[in-house]
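Coordinates from protein_9.tsv are shown below (TSV, C-alpha atoms and all ligand atoms).
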```
chain	number	residue	atom	x	y	z
U	1	MET	CA	-26.31	-63.98	10.41
U	2	ILE	CA	-24.83	-62.18	7.42
U	3	MET	CA	-27.66	-63.38	5.20
U	4	LYS	CA	-30.26	-62.04	7.62
U	5	GLU	CA	-28.79	-58.57	7.75
U	6	ASP	CA	-28.39	-58.53	4.01
U	7	ARG	CA	-32.12	-59.21	3.57
U	8	ARG	CA	-33.09	-55.98	5.34
U	9	PHE	CA	-32.03	-54.16	2.16
U	10	PRO	CA	-33.35	-54.93	-1.31
U	11	HIS	CA	-30.92	-56.69	-3.60
U	12	ARG	CA	-29.27	-54.57	-6.25
U	13	HIS	CA	-31.24	-56.17	-9.12
U	14	GLU	CA	-34.49	-55.43	-7.24
U	15	VAL	CA	-33.53	-51.74	-6.99
U	16	LEU	CA	-32.75	-51.61	-10.69
U	17	GLN	CA	-36.11	-53.24	-11.48
U	18	PHE	CA	-37.93	-50.63	-9.34
U	19	MET	CA	-36.12	-47.72	-11.00
U	20	LYS	CA	-37.53	-48.77	-14.33
U	21	THR	CA	-41.17	-48.47	-13.11
U	22	LYS	CA	-43.46	-45.46	-13.56
U	23	PRO	CA	-43.83	-44.61	-9.84
U	24	ALA	CA	-40.03	-44.39	-9.60
U	25	LEU	CA	-39.92	-41.99	-12.50
U	26	VAL	CA	-42.58	-39.81	-10.86
U	27	ILE	CA	-40.70	-39.79	-7.53
U	28	PHE	CA	-37.48	-38.91	-9.33
U	29	ILE	CA	-39.07	-35.96	-11.14
U	30	VAL	CA	-40.72	-34.67	-7.95
U	31	LEU	CA	-37.44	-34.88	-6.01
U	32	THR	CA	-35.52	-33.10	-8.75
U	33	TYR	CA	-38.07	-30.33	-8.88
U	34	ALA	CA	-38.12	-29.97	-5.08
U	35	PHE	CA	-34.33	-29.83	-4.97
U	36	GLY	CA	-34.20	-27.15	-7.64
U	37	TYR	CA	-36.92	-25.15	-5.95
U	38	LEU	CA	-35.24	-25.30	-2.54
U	39	THR	CA	-31.85	-24.38	-3.95
U	40	ALA	CA	-33.29	-21.37	-5.74
U	41	TYR	CA	-35.18	-20.31	-2.64
U	42	TYR	CA	-32.07	-20.66	-0.53
U	43	ASN	CA	-30.09	-18.39	-2.86
U	44	HIS	CA	-32.96	-15.87	-3.02
U	45	VAL	CA	-32.63	-15.57	-6.77
U	46	PRO	CA	-34.52	-17.45	-9.41
U	47	PRO	CA	-32.15	-19.79	-11.24
U	48	SER	CA	-30.75	-18.94	-14.66
U	49	THR	CA	-31.64	-15.25	-14.90
U	50	THR	CA	-29.56	-12.27	-16.04
U	51	VAL	CA	-27.63	-12.32	-12.77
U	52	LEU	CA	-25.66	-15.33	-13.90
U	53	LYS	CA	-25.05	-13.72	-17.29
U	54	THR	CA	-23.71	-10.53	-15.69
U	55	VAL	CA	-21.27	-12.45	-13.53
U	56	LYS	CA	-20.02	-14.23	-16.60
U	57	ALA	CA	-19.59	-11.00	-18.57
U	58	THR	CA	-17.59	-9.17	-15.87
U	59	LYS	CA	-15.05	-11.90	-15.26
U	60	PRO	CA	-11.67	-10.07	-15.14
U	61	ARG	CA	-10.23	-9.67	-18.61
U	62	GLY	CA	-6.78	-8.91	-19.91
U	63	SER	CA	-6.59	-5.15	-19.58
U	64	LEU	CA	-7.97	-2.31	-17.49
U	65	VAL	CA	-9.86	-0.84	-20.39
U	66	ASP	CA	-11.67	-4.16	-20.86
U	67	ASN	CA	-12.71	-4.21	-17.23
U	68	PHE	CA	-13.76	-0.66	-16.59
U	69	ARG	CA	-15.14	0.40	-19.95
U	70	VAL	CA	-13.39	3.74	-19.86
U	71	THR	CA	-12.78	5.79	-22.99
U	72	THR	CA	-10.38	3.66	-24.93
U	73	ARG	CA	-7.74	6.28	-25.46
U	74	CYS	CA	-6.68	9.75	-24.33
U	75	GLY	CA	-6.19	12.68	-26.70
U	76	ASP	CA	-3.03	12.86	-28.80
U	77	PRO	CA	-0.17	13.81	-26.47
U	78	VAL	CA	0.49	17.55	-26.21
U	79	PRO	CA	4.24	18.33	-26.48
U	80	PRO	CA	5.66	18.86	-22.95
U	81	GLU	CA	6.56	22.49	-23.64
U	82	SER	CA	2.90	23.26	-24.43
U	83	ILE	CA	1.36	21.61	-21.39
U	84	ARG	CA	1.40	24.67	-19.15
U	85	GLN	CA	-0.28	26.85	-21.75
U	86	THR	CA	-2.80	24.12	-22.58
U	87	VAL	CA	-3.90	23.96	-18.96
U	88	ILE	CA	-4.01	27.77	-18.68
U	89	ASP	CA	-6.10	27.98	-21.86
U	90	LYS	CA	-8.50	25.21	-20.97
U	91	ILE	CA	-9.01	26.04	-17.31
U	92	PHE	CA	-8.10	29.70	-16.83
U	93	ASN	CA	-9.33	31.25	-20.06
U	94	GLY	CA	-5.79	31.91	-21.25
U	95	THR	CA	-4.54	33.93	-18.29
U	96	SER	CA	-2.28	32.62	-15.53
U	97	PRO	CA	-4.27	32.35	-12.30
U	98	TYR	CA	-1.43	34.18	-10.52
U	99	VAL	CA	-2.17	37.40	-12.45
U	100	ASP	CA	-3.81	39.96	-10.13
U	101	PHE	CA	-3.56	37.54	-7.24
U	102	PRO	CA	-4.93	37.60	-4.58
U	103	PRO	CA	-8.47	38.76	-5.26
U	104	PRO	CA	-9.62	41.53	-2.89
U	105	HIS	CA	-12.27	39.44	-1.13
U	106	ALA	CA	-9.73	36.78	-0.12
U	107	GLY	CA	-6.45	38.65	0.26
U	108	LYS	CA	-7.10	39.94	3.74
U	109	TYR	CA	-7.68	36.41	5.07
U	110	LEU	CA	-4.53	34.81	3.69
U	111	ARG	CA	-1.28	34.28	5.57
U	112	SER	CA	1.89	34.97	3.61
U	113	LYS	CA	2.77	31.32	4.10
U	114	ARG	CA	0.61	28.69	5.74
U	115	ILE	CA	1.98	25.27	4.96
U	116	LYS	CA	1.17	21.95	6.53
U	117	GLY	CA	1.65	18.57	4.97
U	118	TRP	CA	2.23	14.97	5.90
U	119	GLY	CA	5.29	13.14	4.61
U	120	SER	CA	5.85	16.04	2.21
U	121	TYR	CA	9.62	16.08	2.57
U	122	GLY	CA	10.28	12.33	2.36
U	123	ALA	CA	13.39	11.15	0.53
U	124	VAL	CA	11.15	9.55	-2.10
U	125	PHE	CA	10.65	12.91	-3.84
U	126	GLU	CA	14.34	13.50	-4.40
U	127	ASN	CA	14.95	9.85	-5.28
U	128	LEU	CA	12.27	9.82	-7.96
U	129	ILE	CA	13.02	13.25	-9.40
U	130	ARG	CA	16.69	12.25	-9.76
U	131	GLN	CA	15.68	8.94	-11.34
U	132	VAL	CA	12.94	10.15	-13.72
U	133	LYS	CA	14.07	13.74	-14.45
U	134	PRO	CA	10.42	14.56	-15.10
U	135	ARG	CA	9.36	17.26	-17.52
U	136	THR	CA	5.78	17.05	-16.20
U	137	ILE	CA	4.62	15.98	-12.76
U	138	VAL	CA	0.97	15.55	-11.83
U	139	GLU	CA	0.14	15.57	-8.13
U	140	VAL	CA	-3.30	14.31	-7.13
U	141	GLY	CA	-4.09	15.71	-3.67
U	142	SER	CA	-2.09	18.87	-2.95
U	143	PHE	CA	-3.84	20.52	0.00
U	144	LEU	CA	-1.64	23.50	0.99
U	145	GLY	CA	1.11	22.67	-1.48
U	146	ALA	CA	3.84	21.40	0.85
U	147	SER	CA	5.00	18.51	-1.32
U	148	ALA	CA	4.47	20.39	-4.59
U	149	ILE	CA	6.65	23.27	-3.38
U	150	HIS	CA	9.21	20.77	-2.14
U	151	MET	CA	9.26	19.12	-5.59
U	152	ALA	CA	9.54	22.52	-7.30
U	153	ASN	CA	12.56	23.32	-5.14
U	154	LEU	CA	14.11	19.95	-5.94
U	155	THR	CA	13.68	20.33	-9.70
U	156	ARG	CA	15.24	23.78	-9.50
U	157	ARG	CA	18.15	22.49	-7.45
U	158	LEU	CA	18.67	19.57	-9.85
U	159	GLY	CA	18.71	21.90	-12.86
U	160	LEU	CA	15.35	20.80	-14.25
U	161	GLU	CA	14.22	24.36	-14.94
U	162	GLU	CA	11.45	23.38	-17.35
U	163	THR	CA	9.56	20.99	-15.10
U	164	GLN	CA	5.89	21.76	-14.60
U	165	ILE	CA	3.92	20.49	-11.63
U	166	LEU	CA	0.14	20.27	-12.08
U	167	CYS	CA	-1.67	20.11	-8.74
U	168	VAL	CA	-5.03	18.37	-8.96
U	169	ASP	CA	-7.18	19.08	-5.91
U	170	ASP	CA	-10.69	20.39	-5.34
U	171	PHE	CA	-9.08	22.58	-2.64
U	172	ARG	CA	-11.95	21.96	-0.26
U	173	GLY	CA	-9.94	19.87	2.23
U	174	TRP	CA	-12.42	17.37	3.63
U	175	PRO	CA	-15.62	17.76	5.62
U	176	GLY	CA	-14.62	19.03	9.04
U	177	PHE	CA	-10.96	19.72	8.22
U	178	ARG	CA	-11.22	23.12	9.89
U	179	ASP	CA	-11.45	21.35	13.25
U	180	ARG	CA	-7.69	21.01	12.80
U	181	PHE	CA	-7.18	24.24	10.85
U	182	LYS	CA	-9.22	26.68	12.89
U	183	ASP	CA	-7.07	29.60	11.78
U	184	MET	CA	-8.16	29.22	8.17
U	185	ALA	CA	-10.95	31.54	7.15
U	186	LEU	CA	-14.35	30.51	5.95
U	187	VAL	CA	-15.96	33.02	3.58
U	188	ASN	CA	-19.55	32.24	2.71
U	189	GLY	CA	-18.77	28.54	2.96
U	190	ASP	CA	-15.54	28.81	0.98
U	191	VAL	CA	-12.55	27.53	2.93
U	192	LEU	CA	-10.12	29.57	0.76
U	193	LEU	CA	-7.77	26.60	0.37
U	194	LEU	CA	-7.12	27.33	-3.30
U	195	TYR	CA	-6.06	30.87	-2.49
U	196	GLN	CA	-3.90	29.85	0.46
U	197	PHE	CA	-2.27	27.18	-1.73
U	198	MET	CA	-1.57	29.80	-4.41
U	199	GLN	CA	-0.27	32.24	-1.80
U	200	ASN	CA	2.16	29.55	-0.59
U	201	VAL	CA	3.35	29.01	-4.16
U	202	VAL	CA	3.82	32.76	-4.59
U	203	SER	CA	5.78	32.99	-1.29
U	204	SER	CA	8.15	30.23	-2.33
U	205	GLY	CA	8.75	31.71	-5.77
U	206	SER	CA	7.33	28.75	-7.69
U	207	THR	CA	4.53	30.33	-9.73
U	208	GLY	CA	6.45	29.51	-12.93
U	209	SER	CA	6.46	25.79	-12.23
U	210	ILE	CA	3.30	25.02	-10.22
U	211	LEU	CA	-0.26	25.29	-11.53
U	212	PRO	CA	-3.39	24.37	-9.59
U	213	VAL	CA	-6.00	22.23	-11.36
U	214	PRO	CA	-8.85	23.05	-8.97
U	215	PHE	CA	-11.32	20.25	-9.60
U	216	SER	CA	-12.06	16.83	-8.12
U	217	ALA	CA	-9.48	14.16	-8.93
U	218	GLY	CA	-11.96	12.21	-11.04
U	219	SER	CA	-13.10	15.02	-13.32
U	220	ALA	CA	-9.64	16.60	-13.60
U	221	LEU	CA	-7.87	13.37	-14.56
U	222	GLU	CA	-10.54	12.55	-17.15
U	223	LYS	CA	-10.08	15.98	-18.74
U	224	LEU	CA	-6.27	15.89	-18.68
U	225	CYS	CA	-6.55	12.56	-20.52
U	226	GLU	CA	-8.97	14.03	-23.06
U	227	TRP	CA	-6.68	17.04	-23.63
U	228	GLY	CA	-3.64	14.82	-24.19
U	229	VAL	CA	-1.76	16.01	-21.11
U	230	THR	CA	0.67	13.29	-20.05
U	231	ALA	CA	3.06	13.13	-17.12
U	232	ASP	CA	6.37	11.40	-16.46
U	233	LEU	CA	5.68	11.17	-12.75
U	234	VAL	CA	2.29	11.00	-11.04
U	235	GLU	CA	1.86	11.25	-7.29
U	236	ILE	CA	-1.40	10.04	-5.73
U	237	ASP	CA	-2.15	11.47	-2.31
U	238	ALA	CA	-5.86	12.28	-2.25
U	239	GLY	CA	-8.66	10.24	-0.63
U	240	HIS	CA	-7.21	7.36	1.38
U	241	ASP	CA	-10.29	5.14	1.37
U	242	PHE	CA	-10.22	2.20	-1.04
U	243	ASN	CA	-12.72	3.58	-3.54
U	244	SER	CA	-10.93	6.91	-3.88
U	245	ALA	CA	-7.44	5.43	-4.09
U	246	TRP	CA	-8.57	2.78	-6.57
U	247	ALA	CA	-10.28	5.30	-8.86
U	248	ASP	CA	-7.42	7.80	-8.65
U	249	ILE	CA	-4.77	5.19	-9.51
U	250	ASN	CA	-6.73	3.79	-12.43
U	251	ARG	CA	-7.45	7.23	-13.82
U	252	ALA	CA	-3.93	8.51	-13.22
U	253	VAL	CA	-2.26	5.63	-15.01
U	254	ARG	CA	-3.97	6.69	-18.22
U	255	ILE	CA	-2.17	10.04	-18.29
U	256	LEU	CA	1.18	8.51	-17.41
U	257	ARG	CA	3.56	8.32	-20.34
U	258	PRO	CA	4.66	4.77	-21.17
U	259	GLY	CA	7.38	3.77	-18.74
U	260	GLY	CA	6.51	6.56	-16.30
U	261	VAL	CA	6.43	6.26	-12.53
U	262	LEU	CA	3.39	6.24	-10.28
U	263	PHE	CA	3.80	6.76	-6.55
U	264	GLY	CA	1.83	7.76	-3.51
U	265	HIS	CA	1.72	8.38	0.20
U	266	ASP	CA	0.39	6.32	3.11
U	267	TYR	CA	1.01	2.80	1.91
U	268	PHE	CA	1.23	1.87	5.57
U	269	THR	CA	-1.65	3.25	7.60
U	270	ALA	CA	-3.98	2.20	10.36
U	271	ALA	CA	-6.42	1.23	7.59
U	272	ASP	CA	-4.04	-1.69	7.04
U	273	ASN	CA	-5.18	-3.49	3.90
U	274	ARG	CA	-8.52	-1.75	3.47
U	275	GLY	CA	-7.51	1.57	1.92
U	276	VAL	CA	-4.56	2.76	-0.11
U	277	ARG	CA	-2.49	-0.41	0.22
U	278	ARG	CA	-5.32	-2.66	-0.91
U	279	ALA	CA	-5.96	-0.47	-3.97
U	280	VAL	CA	-2.25	-0.28	-4.89
U	281	ASN	CA	-1.71	-4.01	-4.47
U	282	LEU	CA	-4.81	-4.93	-6.45
U	283	PHE	CA	-3.81	-2.57	-9.25
U	284	ALA	CA	-0.31	-4.03	-9.34
U	285	GLU	CA	-1.61	-7.58	-9.29
U	286	ILE	CA	-4.04	-7.08	-12.17
U	287	ASN	CA	-1.38	-5.37	-14.28
U	288	ARG	CA	1.47	-7.63	-13.21
U	289	LEU	CA	3.50	-4.76	-11.79
U	290	LYS	CA	5.81	-4.63	-8.80
U	291	VAL	CA	5.19	-2.37	-5.81
U	292	LYS	CA	8.25	-0.94	-4.10
U	293	THR	CA	8.23	1.13	-0.95
U	294	ASP	CA	10.24	4.18	-0.01
U	295	GLY	CA	9.49	5.23	3.56
U	296	GLN	CA	5.71	5.58	3.85
U	297	HIS	CA	5.39	5.84	0.08
U	298	TRP	CA	4.58	3.18	-2.50
U	299	VAL	CA	6.27	3.32	-5.89
U	300	ILE	CA	5.39	1.56	-9.16
U	301	ASP	CA	8.17	1.92	-11.72
U	302	SER	CA	8.11	1.63	-15.48
U	303	VAL	CA	4.37	1.42	-15.81
U	304	ASN	CA	3.14	0.16	-19.17
U	305	VAL	CA	-0.57	-0.48	-19.00
U	306	THR	CA	-2.64	-0.85	-22.12
C	1	LIG	C1	-11.96	34.99	-21.63
C	1	LIG	O1	-10.99	35.57	-22.46
C	1	LIG	C2	-11.53	36.34	-23.51
C	1	LIG	C3	-10.41	36.77	-24.42
C	1	LIG	O2	-9.31	37.22	-23.70
C	1	LIG	C4	-12.32	37.52	-22.93
C	1	LIG	O3	-12.87	38.31	-23.95
C	1	LIG	C5	-13.40	36.96	-22.02
C	1	LIG	O4	-14.09	38.03	-21.37
C	1	LIG	C6	-12.82	36.02	-20.99
C	1	LIG	N1	-13.90	35.40	-20.26
C	1	LIG	C7	-13.96	35.39	-18.96
C	1	LIG	C8	-15.14	34.65	-18.38
C	1	LIG	O5	-13.14	35.89	-18.25
C	2	LIG	C1	11.63	26.15	-1.31
C	2	LIG	O1	12.40	27.24	-1.70
C	2	LIG	C2	11.93	28.47	-1.19
C	2	LIG	C3	12.74	29.58	-1.87
C	2	LIG	O2	14.10	29.28	-1.89
C	2	LIG	C4	12.05	28.47	0.32
C	2	LIG	O3	11.55	29.68	0.86
C	2	LIG	C5	11.24	27.32	0.87
C	2	LIG	O4	11.42	27.19	2.26
C	2	LIG	C6	11.58	26.02	0.20
C	2	LIG	N1	10.60	25.08	0.60
C	2	LIG	C7	10.81	23.79	0.73
C	2	LIG	C8	9.66	22.97	1.12
C	2	LIG	O5	11.89	23.27	0.53
```
Is it possible to express this structure as structure tokens?
Amino acid sequence: MIMKEDRRFPHRHEVLQFMKTKPALVIFIVLTYAFGYLTAYYNHVPPSTTVLKTVKATKPRGSLVDNFRVTTRCGDPVPPESIRQTVIDKIFNGTSPYVDFPPPHAGKYLRSKRIKGWGSYGAVFENLIRQVKPRTIVEVGSFLGASAIHMANLTRRLGLEETQILCVDDFRGWPGFRDRFKDMALVNGDVLLLYQFMQNVVSSGSTGSILPVPFSAGSALEKLCEWGVTADLVEIDAGHDFNSAWADINRAVRILRPGGVLFGHDYFTAADNRGVRRAVNLFAEINRLKVKTDGQHWVIDSVNVT
């Protein structure tokens, strides 16, 4: 019985004999070729092309600079006491933007104070300003200036008279923001956010400590880096989608002085792990940093990224 069943299959030595013959070799080659062809077809890419090389080359490396191919270093740091004038020179042709403010075409549309923010008065601001005693703060995403004015008040109250707050924002809001801010004027397509922000700063007596940097986060942070402007504290509160938050954090960290603090709003949002939180966590993971939370804010302490 056993013998009979056994005979249905060739004996092992017979198989070995067959494998040494020419037909076997031909079958083997054909099968190998067919397998390779089908695999390549299935993956929709021809095997062993540049695609594989690219994947190999972009494998995460040790540092951010390695991965993102940014300029390797920022300009030599400007002394903190010269930062305000540097920004005024580079952006405002040497004259404070508050001189002769407001311009006639905008003045009649501005309210003496029109402030609205989200989470702008959270305890995190006072906690971090007490902890860091910043000489320079950069805020990315200022809108109408609520949190910047709050920080200016705090620094004044805590005796940090010299502190400068640079507010990076394109001051355009976002497409459709006037659905929620119908009272804000639109002049030939200009939403006047920069002027209303400045008016709010004027009304709260903070023109000496708050300067707008009215450009997109990306271009402004690149330039601050190039000019050697560094900050002790950087707040990120601009675009909340992953791509924006990711780019802002990675650009901002380059202008942070070694050991400075990076923080931002909306760590917990309906976007769950697809927006700000995903970007913050990924950044922390790559750089082996710890994320703390303070209310709705995320905080990364003592950042030293090379
Ligand atoms: C910039 O400042 C210089 C020197 O004060 C002045 O001559 C020039 O007109 C200014 N340019 C603009 C565009 O305001
Ligand atoms: C900041 O201080 C100014 C002037 O004292 C005050 O009018 C304003 O309400 C304060 N704003 C905030 C946000 O604390």
Open item on the list: Given only C-alpha atoms and all ligand atoms as the basis, pick out the residue of U:Phe268, U:Trp298, U:Tyr109, U:Phe125 nearest to ligand LIG 2 (chain C).
Closed with: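 Closest candidate: U:Phe125.
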- [ ] Do a neighbour search on region 88-97 of chain U at 10 Å with only C-alpha atoms, toss out local chain neighbours closer than 5 positions, and write the hits as number ranges by chain.
- [x] U: 83, 102, 198, 207-208, 211-215, 223-224, 227
Open item on the list: Using all atoms listed in the file, can you tell me which of U:Phe181, U:Val234, U:Val201, U:Pro175 comes closest to ligand LIG 2 (chain C)?
Closed with: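 When distances to ligand LIG 2 (chain C) are compared using all atoms listed in the file, the smallest one comes from U:Val201.
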- [ ] Could you give me, as a ChimeraX atom specification, the residues within 9 Å of region 78-81 of chain U, counting all atoms listed in the file and dropping anything in the same chain fewer than 4 positions from it?
- [x] /U:85-86,135-136,162,164,227-231
Task: Proximity to Thr155 (chain U) - best of U:Lys182, U:Ser206, U:Asn200, U:Leu193, all atoms listed in the file - done: U:Ser206
- [ ] Report as an MDAnalysis selection string which protein, DNA and RNA residues come within 12 Å of ligand LIG 2 (chain C), using only C-alpha atoms and all ligand atoms.
- [x] chainID U and resid 112:122 125:126 144:157 200:207
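Checking U:Ala123, U:Cys225, U:Ala238, U:Ala271 one by one against Arg251 (chain U), counting only C-alpha atoms, you find the shortest gap at U:Cys225.
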TODO: Please work out which residues fall within 6 Å of (6.5, 15.3, -11.4), coordinates as given in the file, with all atoms listed in the file counting, and return them as a PyMOL selection string.
DONE: chain U and resi 134+136-138+165+233
Task: Selected residue, from U:Arg130, U:Val124, U:Asp241, U:Pro77, that lies nearest to Pro258 (chain U) when counting only C-alpha atoms - done: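 For Pro258 (chain U), the nearest of the given residues is U:Pro77.
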Would you save region 142-199 of chain U from the block above with C-alpha atoms, as a JSON list (two decimals), in the first residue's frame?
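The resulting file, part.json, is shown below:
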```
[["chain", "number", "residue", "atom", "x", "y", "z"],
["U", 142, "SER", "CA", -0.61, 86.14, 14.42],
["U", 143, "PHE", "CA", -3.92, 87.04, 12.76],
["U", 144, "LEU", "CA", -5.29, 90.03, 14.72],
["U", 145, "GLY", "CA", -2.54, 89.97, 17.32],
["U", 146, "ALA", "CA", -4.42, 88.64, 20.35],
["U", 147, "SER", "CA", -1.69, 86.32, 21.62],
["U", 148, "ALA", "CA", 1.14, 88.68, 20.62],
["U", 149, "ILE", "CA", -0.43, 91.53, 22.59],
["U", 150, "HIS", "CA", -1.02, 89.17, 25.49],
["U", 151, "MET", "CA", 2.67, 88.17, 25.42],
["U", 152, "ALA", "CA", 3.73, 91.82, 25.21],
["U", 153, "ASN", "CA", 1.66, 92.57, 28.30],
["U", 154, "LEU", "CA", 3.16, 89.60, 30.12],
["U", 155, "THR", "CA", 6.75, 90.58, 29.33],
["U", 156, "ARG", "CA", 6.03, 94.11, 30.54],
["U", 157, "ARG", "CA", 4.44, 92.82, 33.73],
["U", 158, "LEU", "CA", 7.37, 90.45, 34.34],
["U", 159, "GLY", "CA", 9.89, 93.26, 33.89],
["U", 160, "LEU", "CA", 11.24, 92.04, 30.55],
["U", 161, "GLU", "CA", 11.18, 95.51, 29.01],
["U", 162, "GLU", "CA", 13.55, 94.65, 26.17],
["U", 163, "THR", "CA", 11.67, 91.70, 24.73],
["U", 164, "GLN", "CA", 10.80, 91.94, 21.05],
["U", 165, "ILE", "CA", 7.99, 89.95, 19.47],
["U", 166, "LEU", "CA", 8.23, 89.38, 15.72],
["U", 167, "CYS", "CA", 4.87, 88.42, 14.22],
["U", 168, "VAL", "CA", 5.19, 86.37, 11.05],
["U", 169, "ASP", "CA", 1.93, 86.28, 9.10],
["U", 170, "ASP", "CA", 0.90, 87.06, 5.54],
["U", 171, "PHE", "CA", -2.05, 88.91, 7.13],
["U", 172, "ARG", "CA", -4.45, 87.55, 4.56],
["U", 173, "GLY", "CA", -6.38, 85.30, 6.97],
["U", 174, "TRP", "CA", -7.45, 82.32, 4.89],
["U", 175, "PRO", "CA", -9.68, 81.98, 1.84],
["U", 176, "GLY", "CA", -13.20, 82.74, 2.99],
["U", 177, "PHE", "CA", -12.29, 83.98, 6.48],
["U", 178, "ARG", "CA", -14.57, 86.98, 6.01],
["U", 179, "ASP", "CA", -17.56, 84.64, 6.25],
["U", 180, "ARG", "CA", -16.81, 84.81, 9.97],
["U", 181, "PHE", "CA", -15.46, 88.37, 9.99],
["U", 182, "LYS", "CA", -18.04, 90.17, 7.88],
["U", 183, "ASP", "CA", -17.35, 93.46, 9.62],
["U", 184, "MET", "CA", -13.82, 93.61, 8.27],
["U", 185, "ALA", "CA", -13.42, 95.73, 5.19],
["U", 186, "LEU", "CA", -12.27, 94.54, 1.82],
["U", 187, "VAL", "CA", -10.51, 97.22, -0.22],
["U", 188, "ASN", "CA", -9.74, 96.20, -3.78],
["U", 189, "GLY", "CA", -9.26, 92.63, -2.61],
["U", 190, "ASP", "CA", -7.16, 93.61, 0.40],
["U", 191, "VAL", "CA", -8.64, 92.37, 3.66],
["U", 192, "LEU", "CA", -6.73, 95.02, 5.68],
["U", 193, "LEU", "CA", -5.65, 92.46, 8.28],
["U", 194, "LEU", "CA", -2.15, 93.89, 8.53],
["U", 195, "TYR", "CA", -3.53, 97.34, 9.29],
["U", 196, "GLN", "CA", -6.09, 96.07, 11.79],
["U", 197, "PHE", "CA", -3.35, 94.03, 13.49],
["U", 198, "MET", "CA", -1.16, 97.14, 13.70],
["U", 199, "GLN", "CA", -4.08, 99.22, 14.95]]
```
